[in-house]
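Each remark here refers to the structure printed beneath this line.
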Amino acid sequence: METVAGAGRVRTGIQVLDERLNGGFPRPSTLLLFSDKPTEKRLFAENFAVQGAIAGETTLYVDFFRAPSLARAELSRFGKYPAERLIVVDAISNQLLLESTERYRIKDIDSITEISDVIVQAIRETRPSRIVIDSMEFLADHFPKDVVLDQWKRIIDEAERAGSVICFLFINWTYQERDLTAIRALSDFIVEFQSSMRGGILRNSMRISEMEEGGIRTNWIPYTFKDLIGVTVYFPRIMVTGPFNAGKSTVVRALCEKSISVDRMGTTVAFDYGNVNITGIEAEVFGTPGQERFEFIFKIFAREVSGVLLVIDATRPEDFERAKHMLDLIGPRIPYVVLANKSDLPGAMGADTIASKMDLPQGTAVVPTVATESKGVRDALLILAEMIIGVR
Amino acid sequence: MGDAHFPTNYSILLAGPPGVGKFEYMVAQAREALRQGERVVFVTLDLHPNEVRARAKALKLDLEPYEGKNFAFVDCYSATASERPEPPVGKKTFLVSSFSNLEGIGMAMSKAAQELGTPVRIYFYTISTLFLHNSTQAIAKFFQIVTSRAKMNMGFIMYAVHEGVHETMTMNLLRSLVDGVVEMRFTDIMDHEVRVHHMRGFQIDSAWHDFVQMPGPAGGG
């Protein structure tokens, strides 16, 4: 298999993910997009398909649920793509007694042999770089398990011969754990999905694990979807904190095109807020006040935080203890990056000096910044994003 | 009896033979909820949203002023009918592509609840239709997950189920997965009756009561 970064790989279009994956998923490979409860995994699959078509790759979409016209209409929400690059295998028109003009269509939905014959033929003839099977639970619920697993393998083999990256969407309604183990064993990557609702807001996240020993393994990555932009990694709460007058509000302003600050005579008394959108990452950034008397606000924001940017004044070692205390309040499990701000001023200490004076754990990221000139601030956020996403 | 007010974070199964008035009962429930300023999601599998609108109107519930604000459809019907689904302008309808797409139905309900804001009252009409397209095992797991999500994170859910078309085992399974059961039946002279069979955590009177339908076209439910 190709190991050169970027060569023979298909990009997901989600930049931070593609970087983690050394340029995307390798061709050929088999992906299992899995959950055991309803999630928005289809968003990921559709985004993956449309990204392929946009890149000029042939993409095959096998749809057991939607008529091709509806599938195409819904896929166009992910961006404008050349229509001829996306081939839909139509499994439904015959069921709905609709005319089908698709080159590949399944006439008898009650025959799993015919279903897989049509899919295999489509793969053989079009040699797509990407294939989406939406969804395997349709087959799992309509045919005997052994037959489904046999055909599953047959489709994987054909995809491998064509050099395709094939994604199987699968929500498990009916199978036992040992069947799932067999299905996982057929896959090179498992992408697990979660959707949960808290306070009336839906949150989606996914986690990628490579099955190969020592392969890639990410943390749960939160994501969101917007029409025409597609899927982006989304951090609902990044906290910017640090001692009084370290420059937290300036950091929030430097990160965000638009931000608001609730302040009194130039000092933040409630919070700063802004929305960041850089290189495929979207984040809601909250800045807290630095004074001790506002610690209650700090505690409110510290709930459900994805990560923390700790801003310190690199010229004021006397504040370091306070900064350490704030890290303690956040707790040990939240990723954080230290921003050594005002690093352009005389007397500013270097990253190593700060790390040792603050007695930070080995490997803690300390990034010199000049927030007033937007220097280093975005880099710090990207480092934090990579820490949150995580990779083994 | 049609205006019994059920608690939030609660699930109800509404069981009765076809034609007994389950749809009318649900509309009466939805009308009362909307009148009190609550939000309502109607999951339709058996009827086109336009038919639900028309029949609700005949039952003195004009959905027009509520749609997109306090009321939303999850439409599992249109995409499977041969006609093209065209959501009316300004109204919020969450389209599900197929009766087999159980995951899609579950997520559309969550998205509708998010759009309107929680808590919501969800009316699911009918769970019976799913059995034509999915295995009982798949529906049971779907039913259990969606019911617990609806109760925990969305508010209240009521499912209509046709009596007499499912096996006893299936009915018992559905009944065991909800907090309460409301039953409807025909009397000897074809009048309609309704009772609350049981409600977890509540002392209730399980006597039968007349169910007087509102004026309008007969049938359904």
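All residue names refer to the structure tokens as shown: chains lettered A, B, ... in order, residues numbered from 1 in each chain, ligands numbered from 1 in order.
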For this session: Apply DSSP to the backbone of this structure and, from range 2-219 of chain B, keep only the residues in helix (DSSP H, G or I); write these as a PyMOL selection string.
Result: chain B and resi 22-35+49-58+78-80+102-116+127-132+136-154+168-176
Take the residues from that selection and put them in a file with C-alpha atoms, as a PDB file, in the first residue's frame.
```pdb
ATOM      1  CA  LYS B  22     -56.852   7.945  17.167  1.00  0.00           C
ATOM      2  CA  PHE B  23     -56.070  10.729  14.728  1.00  0.00           C
ATOM      3  CA  GLU B  24     -58.918  12.831  16.141  1.00  0.00           C
ATOM      4  CA  TYR B  25     -57.673  12.164  19.670  1.00  0.00           C
ATOM      5  CA  MET B  26     -54.161  13.299  18.746  1.00  0.00           C
ATOM      6  CA  VAL B  27     -55.465  16.414  17.032  1.00  0.00           C
ATOM      7  CA  ALA B  28     -57.493  17.254  20.149  1.00  0.00           C
ATOM      8  CA  GLN B  29     -54.312  16.820  22.205  1.00  0.00           C
ATOM      9  CA  ALA B  30     -52.254  18.941  19.826  1.00  0.00           C
ATOM     10  CA  ARG B  31     -54.913  21.661  19.686  1.00  0.00           C
ATOM     11  CA  GLU B  32     -54.975  21.945  23.471  1.00  0.00           C
ATOM     12  CA  ALA B  33     -51.171  22.004  23.682  1.00  0.00           C
ATOM     13  CA  LEU B  34     -50.890  24.724  21.028  1.00  0.00           C
ATOM     14  CA  ARG B  35     -53.660  26.735  22.687  1.00  0.00           C
ATOM     15  CA  PRO B  49     -48.937  16.848   5.554  1.00  0.00           C
ATOM     16  CA  ASN B  50     -51.582  18.591   3.440  1.00  0.00           C
ATOM     17  CA  GLU B  51     -54.079  15.931   4.429  1.00  0.00           C
ATOM     18  CA  VAL B  52     -53.140  16.345   8.084  1.00  0.00           C
ATOM     19  CA  ARG B  53     -53.639  20.118   7.685  1.00  0.00           C
ATOM     20  CA  ALA B  54     -57.044  19.676   6.067  1.00  0.00           C
ATOM     21  CA  ARG B  55     -58.282  17.096   8.537  1.00  0.00           C
ATOM     22  CA  ALA B  56     -57.012  19.094  11.500  1.00  0.00           C
ATOM     23  CA  LYS B  57     -58.822  22.138  10.160  1.00  0.00           C
ATOM     24  CA  ALA B  58     -62.062  20.154   9.996  1.00  0.00           C
ATOM     25  CA  SER B  78     -44.118  12.552   0.870  1.00  0.00           C
ATOM     26  CA  ALA B  79     -40.763  11.164  -0.206  1.00  0.00           C
ATOM     27  CA  THR B  80     -42.201   7.668  -0.458  1.00  0.00           C
ATOM     28  CA  LEU B 102     -35.268   4.656  10.953  1.00  0.00           C
ATOM     29  CA  GLU B 103     -32.127   6.617  11.760  1.00  0.00           C
ATOM     30  CA  GLY B 104     -33.411   9.458   9.569  1.00  0.00           C
ATOM     31  CA  ILE B 105     -36.761   9.464  11.374  1.00  0.00           C
ATOM     32  CA  GLY B 106     -35.019   9.624  14.753  1.00  0.00           C
ATOM     33  CA  MET B 107     -32.756  12.507  13.716  1.00  0.00           C
ATOM     34  CA  ALA B 108     -35.550  14.456  12.000  1.00  0.00           C
ATOM     35  CA  MET B 109     -37.490  14.371  15.279  1.00  0.00           C
ATOM     36  CA  SER B 110     -34.473  15.723  17.173  1.00  0.00           C
ATOM     37  CA  LYS B 111     -33.902  18.435  14.564  1.00  0.00           C
ATOM     38  CA  ALA B 112     -37.557  19.477  14.641  1.00  0.00           C
ATOM     39  CA  ALA B 113     -37.375  19.716  18.443  1.00  0.00           C
ATOM     40  CA  GLN B 114     -34.183  21.762  18.220  1.00  0.00           C
ATOM     41  CA  GLU B 115     -35.746  24.083  15.630  1.00  0.00           C
ATOM     42  CA  LEU B 116     -38.865  24.781  17.692  1.00  0.00           C
ATOM     43  CA  ILE B 127     -45.894   3.369  14.489  1.00  0.00           C
ATOM     44  CA  SER B 128     -47.862   0.573  12.736  1.00  0.00           C
ATOM     45  CA  THR B 129     -46.695   1.740   9.307  1.00  0.00           C
ATOM     46  CA  LEU B 130     -43.080   1.010  10.223  1.00  0.00           C
ATOM     47  CA  PHE B 131     -43.893  -2.681  10.541  1.00  0.00           C
ATOM     48  CA  LEU B 132     -44.578  -2.926   6.809  1.00  0.00           C
ATOM     49  CA  THR B 136     -39.928  -6.066  14.604  1.00  0.00           C
ATOM     50  CA  GLN B 137     -36.501  -6.329  16.187  1.00  0.00           C
ATOM     51  CA  ALA B 138     -35.252  -3.169  14.456  1.00  0.00           C
ATOM     52  CA  ILE B 139     -38.422  -1.261  15.326  1.00  0.00           C
ATOM     53  CA  ALA B 140     -38.234  -2.366  18.956  1.00  0.00           C
ATOM     54  CA  LYS B 141     -34.720  -0.956  19.306  1.00  0.00           C
ATOM     55  CA  PHE B 142     -35.661   2.214  17.432  1.00  0.00           C
ATOM     56  CA  PHE B 143     -38.789   2.637  19.586  1.00  0.00           C
ATOM     57  CA  GLN B 144     -36.844   2.203  22.798  1.00  0.00           C
ATOM     58  CA  ILE B 145     -34.073   4.659  21.842  1.00  0.00           C
ATOM     59  CA  VAL B 146     -36.397   7.305  20.402  1.00  0.00           C
ATOM     60  CA  THR B 147     -38.771   7.094  23.359  1.00  0.00           C
ATOM     61  CA  SER B 148     -35.984   7.571  25.858  1.00  0.00           C
ATOM     62  CA  ARG B 149     -34.466  10.448  23.838  1.00  0.00           C
ATOM     63  CA  ALA B 150     -37.849  12.132  23.488  1.00  0.00           C
ATOM     64  CA  LYS B 151     -38.543  11.833  27.216  1.00  0.00           C
ATOM     65  CA  MET B 152     -35.089  12.871  28.382  1.00  0.00           C
ATOM     66  CA  ASN B 153     -34.249  15.643  25.943  1.00  0.00           C
ATOM     67  CA  MET B 154     -37.326  16.705  24.045  1.00  0.00           C
ATOM     68  CA  THR B 168     -49.900  -9.871  20.689  1.00  0.00           C
ATOM     69  CA  MET B 169     -46.182 -10.159  21.457  1.00  0.00           C
ATOM     70  CA  THR B 170     -45.492  -7.011  19.459  1.00  0.00           C
ATOM     71  CA  MET B 171     -48.256  -5.040  21.160  1.00  0.00           C
ATOM     72  CA  ASN B 172     -47.058  -6.161  24.587  1.00  0.00           C
ATOM     73  CA  LEU B 173     -43.532  -5.140  23.694  1.00  0.00           C
ATOM     74  CA  LEU B 174     -44.616  -1.649  22.625  1.00  0.00           C
ATOM     75  CA  ARG B 175     -46.791  -1.290  25.735  1.00  0.00           C
ATOM     76  CA  SER B 176     -43.879  -2.267  27.958  1.00  0.00           C
TER      77      SER B 176
END
```
Exercise. Running DSSP on the backbone, which parts of range 94-148 of chain A land in strand (DSSP E), as number ranges by chain?
Worked result: A: 104-105, 130-134
Please, which residues in chain A fall within 8 Å of chain B when counting only C-alpha atoms, and what is the closest atom pair and distance in Å to one decimal for each, ordered by chain then residue number, as a Markdown table?
```
| residue | atom | partner | partner_atom | distance |
| --- | --- | --- | --- | --- |
| A:Lys37 | CA | B:Ile145 | CA | 7.1 |
| A:Pro38 | CA | B:Glu103 | CA | 4.7 |
| A:Thr39 | CA | B:Met107 | CA | 6.5 |
| A:Glu40 | CA | B:Met107 | CA | 7.1 |
| A:Phe65 | CA | B:Ser98 | CA | 5.3 |
| A:Arg66 | CA | B:Ser97 | CA | 5.4 |
| A:Leu96 | CA | B:Ser82 | CA | 6.2 |
| A:Leu97 | CA | B:Ser82 | CA | 7.3 |
| A:Leu98 | CA | B:Ser82 | CA | 6.7 |
| A:Phe138 | CA | B:Ser100 | CA | 6.9 |
| A:Asp141 | CA | B:Ser135 | CA | 6.2 |
| A:His142 | CA | B:Asn134 | CA | 7.6 |
| A:Ile171 | CA | B:Glu103 | CA | 7.5 |
| A:Trp173 | CA | B:Ala138 | CA | 4.8 |
| A:Thr174 | CA | B:Ala138 | CA | 5.7 |
| A:Met197 | CA | B:Asn153 | CA | 6.1 |
| A:Arg198 | CA | B:Asn153 | CA | 6.6 |
| A:Gly199 | CA | B:Asn153 | CA | 7.4 |
| A:Gly200 | CA | B:Thr118 | CA | 5.3 |
| A:Ile201 | CA | B:Gln114 | CA | 5.8 |
| A:Leu202 | CA | B:Gln114 | CA | 6.9 |
```
Prev. selection, N, CA and C atoms, output as an mmCIF file, in the first residue's frame:
```
data_model
loop_
_atom_site.group_PDB
_atom_site.id
_atom_site.type_symbol
_atom_site.label_atom_id
_atom_site.label_comp_id
_atom_site.auth_asym_id
_atom_site.auth_seq_id
_atom_site.Cartn_x
_atom_site.Cartn_y
_atom_site.Cartn_z
ATOM 1 N N LYS A 37 -26.897 4.181 17.821
ATOM 2 C CA LYS A 37 -28.087 5.005 18.011
ATOM 3 C C LYS A 37 -28.166 5.980 16.839
ATOM 4 N N PRO A 38 -29.335 6.572 16.580
ATOM 5 C CA PRO A 38 -29.417 7.510 15.459
ATOM 6 C C PRO A 38 -28.445 8.685 15.614
ATOM 7 N N THR A 39 -27.726 8.983 14.527
ATOM 8 C CA THR A 39 -26.764 10.086 14.514
ATOM 9 C C THR A 39 -26.834 10.775 13.155
ATOM 10 N N GLU A 40 -25.986 11.799 12.997
ATOM 11 C CA GLU A 40 -25.904 12.509 11.716
ATOM 12 C C GLU A 40 -24.727 11.989 10.885
ATOM 13 N N PHE A 65 -32.502 4.525 0.247
ATOM 14 C CA PHE A 65 -33.595 5.267 0.881
ATOM 15 C C PHE A 65 -34.212 6.354 0.006
ATOM 16 N N ARG A 66 -33.396 6.951 -0.868
ATOM 17 C CA ARG A 66 -33.893 8.130 -1.590
ATOM 18 C C ARG A 66 -33.951 7.895 -3.083
ATOM 19 N N LEU A 96 -40.913 2.490 -5.774
ATOM 20 C CA LEU A 96 -41.903 3.565 -5.752
ATOM 21 C C LEU A 96 -42.671 3.672 -7.062
ATOM 22 N N LEU A 97 -42.399 2.722 -7.971
ATOM 23 C CA LEU A 97 -43.028 2.716 -9.281
ATOM 24 C C LEU A 97 -42.733 4.000 -10.049
ATOM 25 N N LEU A 98 -41.499 4.499 -9.887
ATOM 26 C CA LEU A 98 -41.073 5.688 -10.624
ATOM 27 C C LEU A 98 -40.228 5.254 -11.813
ATOM 28 N N PHE A 138 -30.139 -1.382 5.907
ATOM 29 C CA PHE A 138 -31.245 -1.772 5.029
ATOM 30 C C PHE A 138 -31.096 -3.243 4.660
ATOM 31 N N ASP A 141 -31.441 -5.627 7.696
ATOM 32 C CA ASP A 141 -32.800 -5.822 8.190
ATOM 33 C C ASP A 141 -33.676 -6.604 7.217
ATOM 34 N N HIS A 142 -33.198 -6.798 5.986
ATOM 35 C CA HIS A 142 -34.061 -7.445 4.999
ATOM 36 C C HIS A 142 -33.598 -8.836 4.558
ATOM 37 N N ILE A 171 -26.039 1.509 10.993
ATOM 38 C CA ILE A 171 -26.521 1.642 12.375
ATOM 39 C C ILE A 171 -26.997 0.265 12.779
ATOM 40 N N TRP A 173 -29.212 -2.146 14.371
ATOM 41 C CA TRP A 173 -30.505 -2.377 15.021
ATOM 42 C C TRP A 173 -30.623 -3.821 15.487
ATOM 43 N N THR A 174 -30.015 -4.752 14.762
ATOM 44 C CA THR A 174 -30.397 -6.157 14.961
ATOM 45 C C THR A 174 -29.245 -7.111 15.268
ATOM 46 N N MET A 197 -28.382 15.438 22.620
ATOM 47 C CA MET A 197 -29.105 16.693 22.756
ATOM 48 C C MET A 197 -29.027 17.133 24.204
ATOM 49 N N ARG A 198 -28.545 18.382 24.376
ATOM 50 C CA ARG A 198 -28.534 18.942 25.734
ATOM 51 C C ARG A 198 -29.047 20.361 25.650
ATOM 52 N N GLY A 199 -29.963 20.675 26.536
ATOM 53 C CA GLY A 199 -30.537 22.015 26.529
ATOM 54 C C GLY A 199 -31.164 22.357 25.191
ATOM 55 N N GLY A 200 -31.706 21.353 24.514
ATOM 56 C CA GLY A 200 -32.386 21.602 23.246
ATOM 57 C C GLY A 200 -31.449 21.789 22.073
ATOM 58 N N ILE A 201 -30.142 21.615 22.280
ATOM 59 C CA ILE A 201 -29.173 21.781 21.190
ATOM 60 C C ILE A 201 -28.579 20.417 20.843
ATOM 61 N N LEU A 202 -28.574 20.103 19.547
ATOM 62 C CA LEU A 202 -27.979 18.861 19.071
ATOM 63 C C LEU A 202 -26.475 19.019 18.920
#
```
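When the distance limit is 6 Å and only C-alpha atoms are what count, the residues near Phe42 in chain B, minus those fewer than 2 positions from it on the same chain, are Phe73, Ile122 and Tyr123 of chain B.
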Exercise. Nearest to Gly68 in chain B among B:Asp210, B:Val178, B:Val40, B:Lys91, with distances taken over only C-alpha atoms: which residue is it?
Worked result: B:Lys91
Exercise. Which residues come within 7 Å of Met349 in chain A, counting only C-alpha atoms, excluding same-chain residues fewer than 2 positions away, as an MDAnalysis selection string?
Worked result: chainID A and resid 314:315 347 351 353:354
Keeping N, CA and C atoms, export the residues of the selection given above as an mmCIF file, in the first residue's frame.
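Output below, filename out_19.cif:
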```cif
data_model
loop_
_atom_site.group_PDB
_atom_site.id
_atom_site.type_symbol
_atom_site.label_atom_id
_atom_site.label_comp_id
_atom_site.auth_asym_id
_atom_site.auth_seq_id
_atom_site.Cartn_x
_atom_site.Cartn_y
_atom_site.Cartn_z
ATOM 1 N N ALA A 314 3.961 37.842 29.570
ATOM 2 C CA ALA A 314 5.306 37.256 29.638
ATOM 3 C C ALA A 314 6.292 38.132 30.423
ATOM 4 N N THR A 315 5.873 39.362 30.742
ATOM 5 C CA THR A 315 6.771 40.253 31.493
ATOM 6 C C THR A 315 6.452 40.251 32.978
ATOM 7 N N GLY A 347 11.936 42.689 28.552
ATOM 8 C CA GLY A 347 11.788 41.909 29.783
ATOM 9 C C GLY A 347 10.880 40.706 29.617
ATOM 10 N N ALA A 351 9.672 31.092 26.046
ATOM 11 C CA ALA A 351 8.766 29.986 26.330
ATOM 12 C C ALA A 351 9.362 29.015 27.361
ATOM 13 N N THR A 353 11.729 29.478 29.643
ATOM 14 C CA THR A 353 11.813 30.076 30.979
ATOM 15 C C THR A 353 10.452 30.055 31.669
ATOM 16 N N ILE A 354 9.417 30.413 30.895
ATOM 17 C CA ILE A 354 8.064 30.439 31.460
ATOM 18 C C ILE A 354 7.641 29.039 31.895
#
```
